[in-house]
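Here the structure comes first, spelled out in structure tokens, and everything after it is commentary.
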Amino acid sequence: MWILHFLPDALILWICNTVLLAGILLTTVAFFIKRIPIINQYRIPAQVLGIALLVAGVYWRGGYAIEMEWRERVAAVEAKVVAAEAQSKEVNTKIVTKVVTKTQVIRTRGETITKYIDREIVKYDEKFAPGGQCEIPREFIKALNDAAEVPK
């Protein structure tokens, strides 16, 4: 049935309707043909052919209707995909902005903590003699706790 995609929809619909109408017309004529004595002998083949065309026409028309319904569904889903892609681009932009902002905050905090450590902890370097016991300064503990805090 994939070959039908190469034919225009109007042509397929015209063929389906033509077969359906031919089946209806031939079946109706075949039931009234028995009153005409000369062509009465062709009544049974005409009825069989008319019913066959009628069945084929109904089948093809139903298949065409289902195909059009599926095409509408595909078009609707494609429209939803396009909308979802546009929305995902917006969300991706927001996410990238948040990541850049958080990265900048982390860098800024790191620089601030490094400056603090360089400024405050260096004072204690001179107090400790080599080989002696060293005491951990409160500023170092405060700097460590500040670095472990979640950025606000």
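Every chain in the structure tokens has a letter given in the order shown (A, B, ...), and although residue numbers restart at 1 in each chain, ligands are simply numbered from 1 in the order shown.
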
Q: Quick one: pick out all alpha helix (DSSP H) residues within chain A from a backbone DSSP run and write them as a VMD selection string.
A: chain A and resid 9 to 32 43 to 120 138 to 148

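Take the candidates A:Pro137, A:Glu120, A:Trp14, A:Leu20 and check each one against A:Tyr59 using only C-alpha atoms; the shortest distance goes to A:Leu20.
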
Q) If you count only C-alpha atoms, which residues fall within 8 Å of stretch 143-146 of chain A, apart from same-chain ones fewer than 5 positions away, as a list in words? A) Ile113, Tyr116 and Ile117 of chain A

Q | Counting only C-alpha atoms, the residue of A:Val105, A:Ala84, A:Ala46, A:Val19 that sits nearest A:Phe32 | A | A:Ala46

Q. In Å to one decimal, how far is atom CA of A:Glu69 from atom CA of A:Ile15?
A. 18.5 Å

Q: Tell me, as a count of residues only, which residues lie within 8 Å of A:Leu53, counting only C-alpha atoms; anything in the same chain fewer than 4 positions away does not count.
A: 7

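The gap separating atom CA of A:Ala56 from atom CA of A:Trp70 is 20.9 Å, in Å to one decimal.
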
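For the pair atom CA of A:Asn17 and atom CA of A:Gly50, the separation is 14.1 Å.
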